[in-house]
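entry.csv follows; it contains CSV, C-alpha atoms.
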chain,number,residue,atom,x,y,z
A,1099,MET,CA,9.4,6.2,-14.5
A,1100,ASN,CA,12.7,7.8,-13.5
A,1101,CYS,CA,15.6,6.0,-15.2
A,1102,VAL,CA,19.3,6.1,-15.6
A,1103,LEU,CA,21.5,4.8,-18.4
A,1104,VAL,CA,24.9,3.1,-17.8
A,1105,ASP,CA,27.0,2.3,-20.9
A,1106,ASP,CA,30.7,2.9,-21.6
A,1107,GLU,CA,30.2,2.8,-25.4
A,1108,GLU,CA,29.4,6.3,-26.7
A,1109,LEU,CA,27.4,5.4,-29.9
A,1110,PRO,CA,25.1,2.8,-28.3
A,1111,ARG,CA,24.7,5.2,-25.3
A,1112,ARG,CA,23.6,8.0,-27.6
A,1113,ILE,CA,21.2,5.8,-29.5
A,1114,LEU,CA,19.6,4.5,-26.3
A,1115,GLU,CA,19.4,8.1,-24.9
A,1116,GLN,CA,17.4,9.2,-27.9
A,1117,LEU,CA,15.0,6.2,-27.6
A,1118,ILE,CA,14.5,6.9,-23.9
A,1119,LYS,CA,13.7,10.6,-24.6
A,1120,GLN,CA,11.1,9.6,-27.2
A,1121,GLU,CA,9.3,7.4,-24.7
A,1122,PRO,CA,6.7,9.4,-22.7
A,1123,SER,CA,6.7,7.0,-19.8
A,1124,LEU,CA,10.4,7.5,-19.1
A,1125,ASN,CA,12.2,10.4,-17.5
A,1126,LEU,CA,16.0,10.2,-18.0
A,1127,LEU,CA,17.7,11.5,-14.8
A,1128,GLU,CA,21.3,10.8,-15.7
A,1129,LEU,CA,23.5,8.9,-18.2
A,1130,PHE,CA,26.9,7.5,-17.3
A,1131,ASP,CA,29.9,6.1,-19.1
A,1132,ASP,CA,31.6,5.2,-15.8
A,1133,PRO,CA,29.8,2.4,-13.9
A,1134,ILE,CA,31.5,3.3,-10.6
A,1135,GLU,CA,30.1,6.9,-10.8
A,1136,ALA,CA,26.7,5.4,-11.7
A,1137,LEU,CA,26.8,3.2,-8.6
A,1138,LYS,CA,27.6,6.2,-6.4
A,1139,PHE,CA,24.6,8.1,-7.8
A,1140,ILE,CA,22.2,5.2,-7.5
A,1141,ASN,CA,23.3,4.2,-4.0
A,1142,SER,CA,23.2,7.8,-2.8
A,1143,GLY,CA,19.4,7.6,-2.7
A,1144,GLU,CA,19.2,11.2,-3.8
A,1145,GLU,CA,16.7,10.3,-6.6
A,1146,LYS,CA,14.0,7.6,-6.8
A,1147,ILE,CA,15.1,5.4,-9.7
A,1148,ASP,CA,12.6,3.1,-11.1
A,1149,LEU,CA,14.5,1.7,-14.1
A,1150,ILE,CA,18.2,1.2,-15.0
A,1151,PHE,CA,19.4,0.6,-18.6
A,1152,LEU,CA,22.7,-1.3,-17.9
A,1153,ASP,CA,25.4,-2.5,-20.3
A,1154,ILE,CA,26.9,-5.9,-19.3
A,1155,LEU,CA,30.5,-5.5,-20.7
A,1156,MET,CA,32.1,-2.5,-19.0
A,1157,PRO,CA,35.6,-1.7,-17.7
A,1158,ASN,CA,36.3,-2.1,-13.9
A,1159,ILE,CA,33.0,-3.8,-13.2
A,1160,SER,CA,30.7,-6.1,-15.1
A,1161,GLY,CA,27.0,-5.5,-15.4
A,1162,PHE,CA,26.3,-8.5,-13.1
A,1163,ASP,CA,28.7,-7.3,-10.4
A,1164,PHE,CA,27.0,-3.9,-10.8
A,1165,ILE,CA,23.6,-5.5,-10.1
A,1166,LYS,CA,25.0,-7.2,-6.9
A,1167,SER,CA,26.2,-3.8,-5.7
A,1168,ILE,CA,23.0,-1.8,-6.2
A,1169,GLN,CA,21.3,-0.7,-3.0
A,1170,SER,CA,17.9,-0.1,-4.6
A,1171,HIS,CA,14.9,-2.0,-5.9
A,1172,SER,CA,15.0,-0.6,-9.4
A,1173,GLN,CA,14.0,-2.7,-12.4
A,1174,ILE,CA,16.9,-3.3,-14.8
A,1175,ILE,CA,17.0,-3.7,-18.6
A,1176,LEU,CA,20.3,-5.2,-19.5
A,1177,VAL,CA,22.0,-4.2,-22.8
A,1178,SER,CA,24.7,-6.2,-24.6
A,1179,SER,CA,26.0,-7.2,-28.0
A,1180,GLU,CA,26.4,-10.8,-26.7
A,1181,LYS,CA,23.5,-13.3,-26.7
A,1182,ASN,CA,25.2,-15.8,-24.4
A,1183,TYR,CA,24.7,-13.7,-21.2
A,1184,ALA,CA,20.9,-13.8,-21.5
A,1185,LEU,CA,20.4,-17.0,-19.3
A,1186,ASN,CA,22.6,-15.6,-16.5
A,1187,ALA,CA,20.8,-12.3,-16.7
A,1188,PHE,CA,17.4,-13.6,-15.7
A,1189,GLU,CA,18.8,-15.2,-12.6
A,1190,PHE,CA,18.5,-11.8,-11.1
A,1191,PRO,CA,14.8,-11.0,-10.1
A,1192,MET,CA,15.2,-7.3,-10.8
A,1193,VAL,CA,16.1,-7.9,-14.5
A,1194,THR,CA,13.0,-7.2,-16.6
A,1195,ASP,CA,14.4,-7.6,-20.1
A,1196,TYR,CA,17.5,-8.1,-22.2
A,1197,LEU,CA,18.2,-6.0,-25.2
A,1198,LEU,CA,20.8,-6.9,-27.9
A,1199,LYS,CA,22.8,-4.3,-29.6
A,1200,PRO,CA,22.2,-2.7,-32.1
A,1201,ILE,CA,18.9,-1.9,-30.4
A,1202,LYS,CA,15.8,-1.8,-32.6
A,1203,LYS,CA,13.1,0.6,-31.7
A,1204,GLU,CA,10.4,-2.0,-31.7
A,1205,ARG,CA,12.3,-4.2,-29.3
A,1206,PHE,CA,13.1,-1.2,-27.1
A,1207,ASN,CA,9.4,-0.4,-27.0
A,1208,LYS,CA,8.5,-3.9,-26.0
A,1209,ALA,CA,11.0,-3.9,-23.2
A,1210,THR,CA,9.9,-0.5,-21.8
A,1211,SER,CA,6.2,-1.5,-22.0
A,1212,LYS,CA,7.0,-4.6,-20.0
A,1213,ALA,CA,8.9,-2.5,-17.4
A,1214,PHE,CA,6.1,0.1,-17.2
A,1215,GLN,CA,3.5,-2.7,-16.6
A,1216,GLN,CA,5.5,-4.0,-13.7
A,1217,TYR,CA,5.9,-0.5,-12.4
A,1218,LYS,CA,2.1,-0.1,-12.5
A,1219,ASN,CA,1.5,-3.5,-10.9
A,1220,LEU,CA,4.0,-2.5,-8.1
A,1221,GLY,CA,2.0,0.7,-7.5
A,1222,ILE,CA,-1.3,-1.2,-7.3
A,1223,LEU,CA,0.3,-3.6,-4.8
A,1224,LYS,CA,1.6,-0.8,-2.8
A,1225,ASP,CA,-1.8,1.0,-2.7
A,1226,LYS,CA,-3.5,-2.2,-1.6
A,1227,THR,CA,-0.9,-2.8,1.1
A,1228,GLU,CA,-1.5,0.7,2.4
A,1229,GLU,CA,-5.2,0.2,2.2
A,1230,ILE,CA,-4.9,-3.0,4.3
A,1231,HIS,CA,-2.7,-1.2,6.8
A,1232,THR,CA,-5.2,1.7,7.0
A,1233,SER,CA,-8.1,-0.8,7.4
A,1234,LEU,CA,-6.2,-2.6,10.2
A,1235,GLU,CA,-5.6,0.7,12.0
A,1236,LYS,CA,-9.2,1.7,11.7
A,1237,ASN,CA,-10.1,-1.6,13.4
A,1238,GLU,CA,-8.4,-0.5,16.6
A,1239,LEU,CA,-9.4,2.0,19.1
A,1240,TYR,CA,-7.2,3.3,22.0
A,1241,VAL,CA,-9.0,4.5,25.1
A,1242,ASN,CA,-7.7,6.3,28.1
A,1243,THR,CA,-8.8,4.5,31.2
A,1244,ASP,CA,-7.2,4.2,34.7
A,1245,LYS,CA,-4.3,6.4,33.5
A,1246,ARG,CA,-3.5,3.8,30.8
A,1247,LEU,CA,-4.0,3.7,27.0
A,1248,LEU,CA,-5.8,0.4,26.2
A,1249,LYS,CA,-6.3,-1.0,22.7
A,1250,ILE,CA,-9.7,-2.3,21.9
A,1251,SER,CA,-10.6,-4.2,18.7
A,1252,ILE,CA,-13.5,-2.3,17.2
A,1253,PRO,CA,-15.2,-5.4,15.8
A,1254,ASP,CA,-15.2,-6.8,19.4
A,1255,ILE,CA,-17.4,-4.0,20.7
A,1256,ASN,CA,-21.0,-4.9,21.4
A,1257,ILE,CA,-22.5,-1.9,23.0
A,1258,ILE,CA,-21.4,1.6,24.0
A,1259,GLU,CA,-23.5,3.3,26.7
A,1260,ALA,CA,-23.5,6.9,27.9
A,1261,GLN,CA,-23.2,7.3,31.7
A,1262,GLY,CA,-23.0,11.0,32.6
A,1263,ASN,CA,-19.7,12.4,31.5
A,1264,PHE,CA,-18.4,8.9,30.7
A,1265,ILE,CA,-19.1,6.1,28.2
A,1266,LYS,CA,-19.0,2.4,28.9
A,1267,ILE,CA,-17.6,0.3,26.1
A,1268,LYS,CA,-18.8,-3.3,26.4
A,1269,THR,CA,-17.2,-6.2,24.6
A,1270,LEU,CA,-18.0,-9.9,25.1
A,1271,SER,CA,-15.5,-10.3,27.9
A,1272,ASN,CA,-14.8,-6.8,29.3
A,1273,SER,CA,-16.2,-3.3,29.8
A,1274,TYR,CA,-14.2,-0.1,29.8
A,1275,LEU,CA,-15.3,3.2,31.5
A,1276,VAL,CA,-13.9,6.1,29.5
A,1277,TYR,CA,-14.2,9.8,30.0
A,1278,SER,CA,-15.8,10.8,26.7
A,1279,SER,CA,-19.1,11.2,24.9
A,1280,LEU,CA,-21.1,9.1,22.5
A,1281,MET,CA,-20.8,11.8,19.8
A,1282,LYS,CA,-17.0,11.7,20.0
A,1283,ILE,CA,-16.7,8.0,19.8
A,1284,GLU,CA,-19.4,7.8,17.1
A,1285,ASP,CA,-17.1,9.7,14.7
A,1286,LYS,CA,-14.4,7.0,15.1
A,1287,LEU,CA,-16.6,4.0,14.4
A,1288,PRO,CA,-17.4,2.6,11.0
A,1289,ALA,CA,-20.9,3.7,10.1
A,1290,SER,CA,-21.5,0.4,8.3
A,1291,SER,CA,-21.3,-1.6,11.6
A,1292,PHE,CA,-22.3,0.8,14.4
A,1293,LEU,CA,-25.5,2.8,14.9
A,1294,ARG,CA,-27.0,5.0,17.6
A,1295,VAL,CA,-30.3,3.5,18.6
A,1296,HIS,CA,-31.0,5.7,21.6
A,1297,ARG,CA,-29.7,8.9,23.0
A,1298,SER,CA,-27.6,6.8,25.4
A,1299,PHE,CA,-26.7,3.8,23.3
A,1300,ILE,CA,-24.7,2.9,20.2
A,1301,ILE,CA,-24.7,-0.8,19.1
A,1302,ASN,CA,-22.7,-3.0,16.9
A,1303,LEU,CA,-25.3,-4.1,14.2
A,1304,LYS,CA,-23.4,-7.3,13.6
A,1305,LYS,CA,-23.9,-8.4,17.2
A,1306,ILE,CA,-27.7,-8.2,17.2
A,1307,VAL,CA,-29.3,-11.5,18.4
A,1308,ASP,CA,-33.0,-10.4,18.4
A,1309,ILE,CA,-35.3,-7.4,18.1
A,1310,GLN,CA,-38.5,-7.1,19.9
A,1311,ASP,CA,-40.7,-4.1,19.9
A,1312,ASN,CA,-38.5,-1.3,21.2
A,1313,SER,CA,-35.6,-3.3,22.4
A,1314,ILE,CA,-32.6,-5.1,20.9
A,1315,LEU,CA,-30.9,-8.2,22.4
A,1316,ILE,CA,-27.1,-8.2,22.2
A,1317,ASN,CA,-25.2,-10.8,24.1
A,1318,LYS,CA,-28.0,-11.4,26.7
A,1319,GLU,CA,-28.3,-7.6,27.3
A,1320,LEU,CA,-31.4,-5.7,26.2
A,1321,VAL,CA,-30.8,-2.3,24.7
A,1322,PRO,CA,-33.7,0.2,24.3
A,1323,VAL,CA,-34.5,1.6,20.9
A,1324,SER,CA,-36.1,5.0,20.8
A,1325,ARG,CA,-38.8,5.9,18.2
A,1326,ARG,CA,-36.4,8.6,16.8
A,1327,TYR,CA,-33.8,6.0,15.7
A,1328,LYS,CA,-36.0,2.9,14.9
A,1329,LYS,CA,-36.6,3.8,11.3
A,1330,GLN,CA,-32.9,4.2,10.7
A,1331,LEU,CA,-32.2,0.9,12.4
A,1332,LEU,CA,-34.7,-1.0,10.2
A,1333,SER,CA,-33.1,0.6,7.1
A,1334,HIS,CA,-29.7,-1.1,8.1
A,1335,LEU,CA,-31.2,-4.5,8.4
A,1336,ASN,CA,-31.4,-7.1,5.7
A,1337,LEU,CA,-35.2,-7.7,6.0
A,1338,LEU,CA,-37.0,-10.4,4.2

Could the structure of this file be written out as structure tokens, please?
Amino acid sequence: MNCVLVDDEELPRRILEQLIKQEPSLNLLELFDDPIEALKFINSGEEKIDLIFLDILMPNISGFDFIKSIQSHSQIILVSSEKNYALNAFEFPMVTDYLLKPIKKERFNKATSKAFQQYKNLGILKDKTEEIHTSLEKNELYVNTDKRLLKISIPDINIIEAQGNFIKIKTLSNSYLVYSSLMKIEDKLPASSFLRVHRSFIINLKKIVDIQDNSILINKELVPVSRRYKKQLLSHLNLL
């Protein structure tokens, strides 16, 4: 985690600096004795800052006013020689912990471990959010038809049929004639849901109503199944 240290007292600042440098999960970017200069650095956005070690009692601006002025989502570990600020400290959601001076190594390790766990949790949440967004994007297909780009929900597609140099994409309520090929659209469909069953047809496996001999019923429409693709079709079905 990238971190900065803001403390106007030299001795506590030097002690904390050494503790930070001994912790493998921390990368100390800058240390400041002037909170105004620290604010300028943090709010410039030049560096991604994950954690701020912040003294509460400083000249010109208090640690709490400092927090209100930060334009970042960094975690904050507050540092103070006074116990009576602790309750106020945790009113700020970005405050992860509160360290009392003189800082003990064991207590420092506990605070940084807590911050690192939150950092990892945030990364997991971010990855999952991106995964959801990617999944949503993959559930949409834009097709060029009648000089317009139309959005089609992929799960709504029942059948795709080749018609010369065109393909017809059929949903429950509409059909779209698109200048393309089955091979091209096949690459953009999830293999878990869509399968080619004939040289001219791709079907949505989840929309199958019935299978009889060499044909499949999907939404009242019969789709032929060629011998070449039948074995692959059966392998995708949950057969009893």

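Minimum distance to A:Asp1308 across A:Ser1211, A:Leu1275, A:Ala1136, A:Val1321 (counting all atoms listed in the file) occurs at A:Val1321.
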
Quiz prompt | Pick from A:Gln1116, A:Asn1207, A:Asn1100, A:Thr1243 nearest to A:Gln1173, counting all atoms listed in the file | solution =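 Looking at the shortest contact to A:Gln1173, the residue is A:Asn1100.
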
Quiz item: How many Å separate atom CA of A:Leu1303 from atom CA of A:Arg1246?
Solution: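 Calculated distance between atom CA of A:Leu1303 and atom CA of A:Arg1246 is 28.5 Å.
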
Self-check item: Point-to-point distance from atom CA of A:Val1307 to atom CA of A:Lys1268, Å rounded to tenths
Solution: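 Interatomic distance, atom CA of A:Val1307 to atom CA of A:Lys1268: 15.5 Å.
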
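Of the listed residues (A:Leu1103, A:Leu1331, A:Ile1265, A:Leu1220), A:Ile1265 comes nearest to A:Phe1299; the distances count all atoms listed in the file.
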
Practice problem: With a distance cut-off of 10 Å and all atoms listed in the file, select the neighbouring residues of A:Ile1113, excluding the residue or stretch itself and same-chain residues fewer than 2 positions from it, and output the selection as JSON, numbers by chain. | Solution: {"A": [1108, 1109, 1110, 1111, 1115, 1116, 1117, 1118, 1200, 1201, 1202, 1203]}

Could you dump the residues just selected with C-alpha atoms as a short mmCIF file (atom, residue, chain, number, x, y, z; two decimals), in the frame of the given file?
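So result_16.cif came out as:
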data_model
loop_
_atom_site.label_atom_id
_atom_site.label_comp_id
_atom_site.auth_asym_id
_atom_site.auth_seq_id
_atom_site.Cartn_x
_atom_site.Cartn_y
_atom_site.Cartn_z
CA GLU A 1108 29.40 6.30 -26.70
CA LEU A 1109 27.40 5.40 -29.90
CA PRO A 1110 25.10 2.80 -28.30
CA ARG A 1111 24.70 5.20 -25.30
CA GLU A 1115 19.40 8.10 -24.90
CA GLN A 1116 17.40 9.20 -27.90
CA LEU A 1117 15.00 6.20 -27.60
CA ILE A 1118 14.50 6.90 -23.90
CA PRO A 1200 22.20 -2.70 -32.10
CA ILE A 1201 18.90 -1.90 -30.40
CA LYS A 1202 15.80 -1.80 -32.60
CA LYS A 1203 13.10 0.60 -31.70
#

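Nearest to A:Ile1314 of all the residues A:Ile1257, A:Gln1216, A:Ser1333, A:Met1281 is A:Ile1257, counting only C-alpha atoms.
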
Quiz item: Which value, in Å to one decimal, gives the distance between atom CA of A:Lys1166 and atom CA of A:Gln1215?
Solution: 24.0 Å

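Considering the residues A:Met1099, A:Ala1213, A:Ile1154, A:Leu1248 and counting all atoms listed in the file, A:Leu1198 has its shortest atom-to-atom contact with A:Ile1154.
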
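Considering the residues A:Ala1209, A:Leu1280, A:Phe1162, A:Glu1135 and counting all atoms listed in the file, A:Gly1262 has its shortest atom-to-atom contact with A:Leu1280.
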
Please rebuild stretch 1180-1215 of chain A with N, CA and C atoms and give the result as a PDB file, keeping the file's coordinate frame.
ATOM      1  N   GLU A1180      26.220  -9.316 -26.850  1.00  0.00           N
ATOM      2  CA  GLU A1180      26.400 -10.800 -26.700  1.00  0.00           C
ATOM      3  C   GLU A1180      25.123 -11.453 -26.309  1.00  0.00           C
ATOM      4  N   LYS A1181      24.749 -12.511 -27.044  1.00  0.00           N
ATOM      5  CA  LYS A1181      23.500 -13.300 -26.700  1.00  0.00           C
ATOM      6  C   LYS A1181      23.751 -14.209 -25.524  1.00  0.00           C
ATOM      7  N   ASN A1182      24.989 -14.676 -25.349  1.00  0.00           N
ATOM      8  CA  ASN A1182      25.200 -15.800 -24.400  1.00  0.00           C
ATOM      9  C   ASN A1182      25.155 -15.365 -22.927  1.00  0.00           C
ATOM     10  N   TYR A1183      24.880 -14.102 -22.639  1.00  0.00           N
ATOM     11  CA  TYR A1183      24.700 -13.700 -21.200  1.00  0.00           C
ATOM     12  C   TYR A1183      23.234 -13.712 -20.804  1.00  0.00           C
ATOM     13  N   ALA A1184      22.334 -13.959 -21.738  1.00  0.00           N
ATOM     14  CA  ALA A1184      20.900 -13.800 -21.500  1.00  0.00           C
ATOM     15  C   ALA A1184      20.433 -14.763 -20.344  1.00  0.00           C
ATOM     16  N   LEU A1185      20.875 -16.029 -20.365  1.00  0.00           N
ATOM     17  CA  LEU A1185      20.400 -17.000 -19.300  1.00  0.00           C
ATOM     18  C   LEU A1185      20.857 -16.539 -17.953  1.00  0.00           C
ATOM     19  N   ASN A1186      22.101 -16.085 -17.825  1.00  0.00           N
ATOM     20  CA  ASN A1186      22.600 -15.600 -16.500  1.00  0.00           C
ATOM     21  C   ASN A1186      21.819 -14.359 -16.077  1.00  0.00           C
ATOM     22  N   ALA A1187      21.427 -13.532 -17.035  1.00  0.00           N
ATOM     23  CA  ALA A1187      20.800 -12.300 -16.700  1.00  0.00           C
ATOM     24  C   ALA A1187      19.487 -12.466 -15.928  1.00  0.00           C
ATOM     25  N   PHE A1188      18.690 -13.457 -16.320  1.00  0.00           N
ATOM     26  CA  PHE A1188      17.400 -13.600 -15.700  1.00  0.00           C
ATOM     27  C   PHE A1188      17.437 -14.408 -14.378  1.00  0.00           C
ATOM     28  N   GLU A1189      18.653 -14.703 -13.925  1.00  0.00           N
ATOM     29  CA  GLU A1189      18.800 -15.200 -12.600  1.00  0.00           C
ATOM     30  C   GLU A1189      18.609 -14.144 -11.533  1.00  0.00           C
ATOM     31  N   PHE A1190      18.678 -12.897 -11.978  1.00  0.00           N
ATOM     32  CA  PHE A1190      18.500 -11.800 -11.100  1.00  0.00           C
ATOM     33  C   PHE A1190      17.018 -11.306 -11.185  1.00  0.00           C
ATOM     34  N   PRO A1191      16.273 -11.353 -10.087  1.00  0.00           N
ATOM     35  CA  PRO A1191      14.800 -11.000 -10.100  1.00  0.00           C
ATOM     36  C   PRO A1191      14.526  -9.614 -10.590  1.00  0.00           C
ATOM     37  N   MET A1192      15.490  -8.693 -10.430  1.00  0.00           N
ATOM     38  CA  MET A1192      15.200  -7.300 -10.800  1.00  0.00           C
ATOM     39  C   MET A1192      15.400  -7.059 -12.318  1.00  0.00           C
ATOM     40  N   VAL A1193      15.941  -8.058 -13.042  1.00  0.00           N
ATOM     41  CA  VAL A1193      16.100  -7.900 -14.500  1.00  0.00           C
ATOM     42  C   VAL A1193      14.788  -8.144 -15.192  1.00  0.00           C
ATOM     43  N   THR A1194      14.312  -7.117 -15.870  1.00  0.00           N
ATOM     44  CA  THR A1194      13.000  -7.200 -16.600  1.00  0.00           C
ATOM     45  C   THR A1194      13.152  -7.638 -17.988  1.00  0.00           C
ATOM     46  N   ASP A1195      14.242  -7.244 -18.653  1.00  0.00           N
ATOM     47  CA  ASP A1195      14.400  -7.600 -20.100  1.00  0.00           C
ATOM     48  C   ASP A1195      15.885  -7.545 -20.450  1.00  0.00           C
ATOM     49  N   TYR A1196      16.164  -8.045 -21.652  1.00  0.00           N
ATOM     50  CA  TYR A1196      17.500  -8.100 -22.200  1.00  0.00           C
ATOM     51  C   TYR A1196      17.519  -7.656 -23.608  1.00  0.00           C
ATOM     52  N   LEU A1197      18.219  -6.558 -23.873  1.00  0.00           N
ATOM     53  CA  LEU A1197      18.200  -6.000 -25.200  1.00  0.00           C
ATOM     54  C   LEU A1197      19.592  -6.242 -25.882  1.00  0.00           C
ATOM     55  N   LEU A1198      19.536  -6.666 -27.136  1.00  0.00           N
ATOM     56  CA  LEU A1198      20.800  -6.900 -27.900  1.00  0.00           C
ATOM     57  C   LEU A1198      21.100  -5.671 -28.751  1.00  0.00           C
ATOM     58  N   LYS A1199      22.361  -5.327 -28.755  1.00  0.00           N
ATOM     59  CA  LYS A1199      22.800  -4.300 -29.600  1.00  0.00           C
ATOM     60  C   LYS A1199      23.073  -4.816 -31.026  1.00  0.00           C
ATOM     61  N   PRO A1200      22.830  -4.054 -32.075  1.00  0.00           N
ATOM     62  CA  PRO A1200      22.200  -2.700 -32.100  1.00  0.00           C
ATOM     63  C   PRO A1200      20.732  -2.799 -31.703  1.00  0.00           C
ATOM     64  N   ILE A1201      20.298  -1.862 -30.892  1.00  0.00           N
ATOM     65  CA  ILE A1201      18.900  -1.900 -30.400  1.00  0.00           C
ATOM     66  C   ILE A1201      17.947  -1.393 -31.410  1.00  0.00           C
ATOM     67  N   LYS A1202      16.914  -2.180 -31.639  1.00  0.00           N
ATOM     68  CA  LYS A1202      15.800  -1.800 -32.600  1.00  0.00           C
ATOM     69  C   LYS A1202      14.718  -1.126 -31.766  1.00  0.00           C
ATOM     70  N   LYS A1203      14.116  -0.125 -32.365  1.00  0.00           N
ATOM     71  CA  LYS A1203      13.100   0.600 -31.700  1.00  0.00           C
ATOM     72  C   LYS A1203      11.916  -0.242 -31.230  1.00  0.00           C
ATOM     73  N   GLU A1204      11.488  -1.169 -32.098  1.00  0.00           N
ATOM     74  CA  GLU A1204      10.400  -2.000 -31.700  1.00  0.00           C
ATOM     75  C   GLU A1204      10.680  -2.894 -30.524  1.00  0.00           C
ATOM     76  N   ARG A1205      11.896  -3.402 -30.491  1.00  0.00           N
ATOM     77  CA  ARG A1205      12.300  -4.200 -29.300  1.00  0.00           C
ATOM     78  C   ARG A1205      12.456  -3.392 -28.092  1.00  0.00           C
ATOM     79  N   PHE A1206      12.959  -2.173 -28.239  1.00  0.00           N
ATOM     80  CA  PHE A1206      13.100  -1.200 -27.100  1.00  0.00           C
ATOM     81  C   PHE A1206      11.684  -0.941 -26.547  1.00  0.00           C
ATOM     82  N   ASN A1207      10.717  -0.671 -27.425  1.00  0.00           N
ATOM     83  CA  ASN A1207       9.400  -0.400 -27.000  1.00  0.00           C
ATOM     84  C   ASN A1207       8.730  -1.510 -26.213  1.00  0.00           C
ATOM     85  N   LYS A1208       8.991  -2.731 -26.679  1.00  0.00           N
ATOM     86  CA  LYS A1208       8.500  -3.900 -26.000  1.00  0.00           C
ATOM     87  C   LYS A1208       9.037  -4.042 -24.597  1.00  0.00           C
ATOM     88  N   ALA A1209      10.328  -3.798 -24.461  1.00  0.00           N
ATOM     89  CA  ALA A1209      11.000  -3.900 -23.200  1.00  0.00           C
ATOM     90  C   ALA A1209      10.499  -2.846 -22.182  1.00  0.00           C
ATOM     91  N   THR A1210      10.372  -1.607 -22.665  1.00  0.00           N
ATOM     92  CA  THR A1210       9.900  -0.500 -21.800  1.00  0.00           C
ATOM     93  C   THR A1210       8.453  -0.683 -21.409  1.00  0.00           C
ATOM     94  N   SER A1211       7.657  -1.220 -22.344  1.00  0.00           N
ATOM     95  CA  SER A1211       6.200  -1.500 -22.000  1.00  0.00           C
ATOM     96  C   SER A1211       6.120  -2.524 -20.936  1.00  0.00           C
ATOM     97  N   LYS A1212       6.980  -3.534 -20.994  1.00  0.00           N
ATOM     98  CA  LYS A1212       7.000  -4.600 -20.000  1.00  0.00           C
ATOM     99  C   LYS A1212       7.403  -3.984 -18.607  1.00  0.00           C
ATOM    100  N   ALA A1213       8.401  -3.116 -18.626  1.00  0.00           N
ATOM    101  CA  ALA A1213       8.900  -2.500 -17.400  1.00  0.00           C
ATOM    102  C   ALA A1213       7.792  -1.564 -16.813  1.00  0.00           C
ATOM    103  N   PHE A1214       7.095  -0.844 -17.696  1.00  0.00           N
ATOM    104  CA  PHE A1214       6.100   0.100 -17.200  1.00  0.00           C
ATOM    105  C   PHE A1214       4.887  -0.690 -16.622  1.00  0.00           C
ATOM    106  N   GLN A1215       4.549  -1.853 -17.189  1.00  0.00           N
ATOM    107  CA  GLN A1215       3.500  -2.700 -16.600  1.00  0.00           C
ATOM    108  C   GLN A1215       3.843  -3.169 -15.242  1.00  0.00           C
TER     109      GLN A1215
END
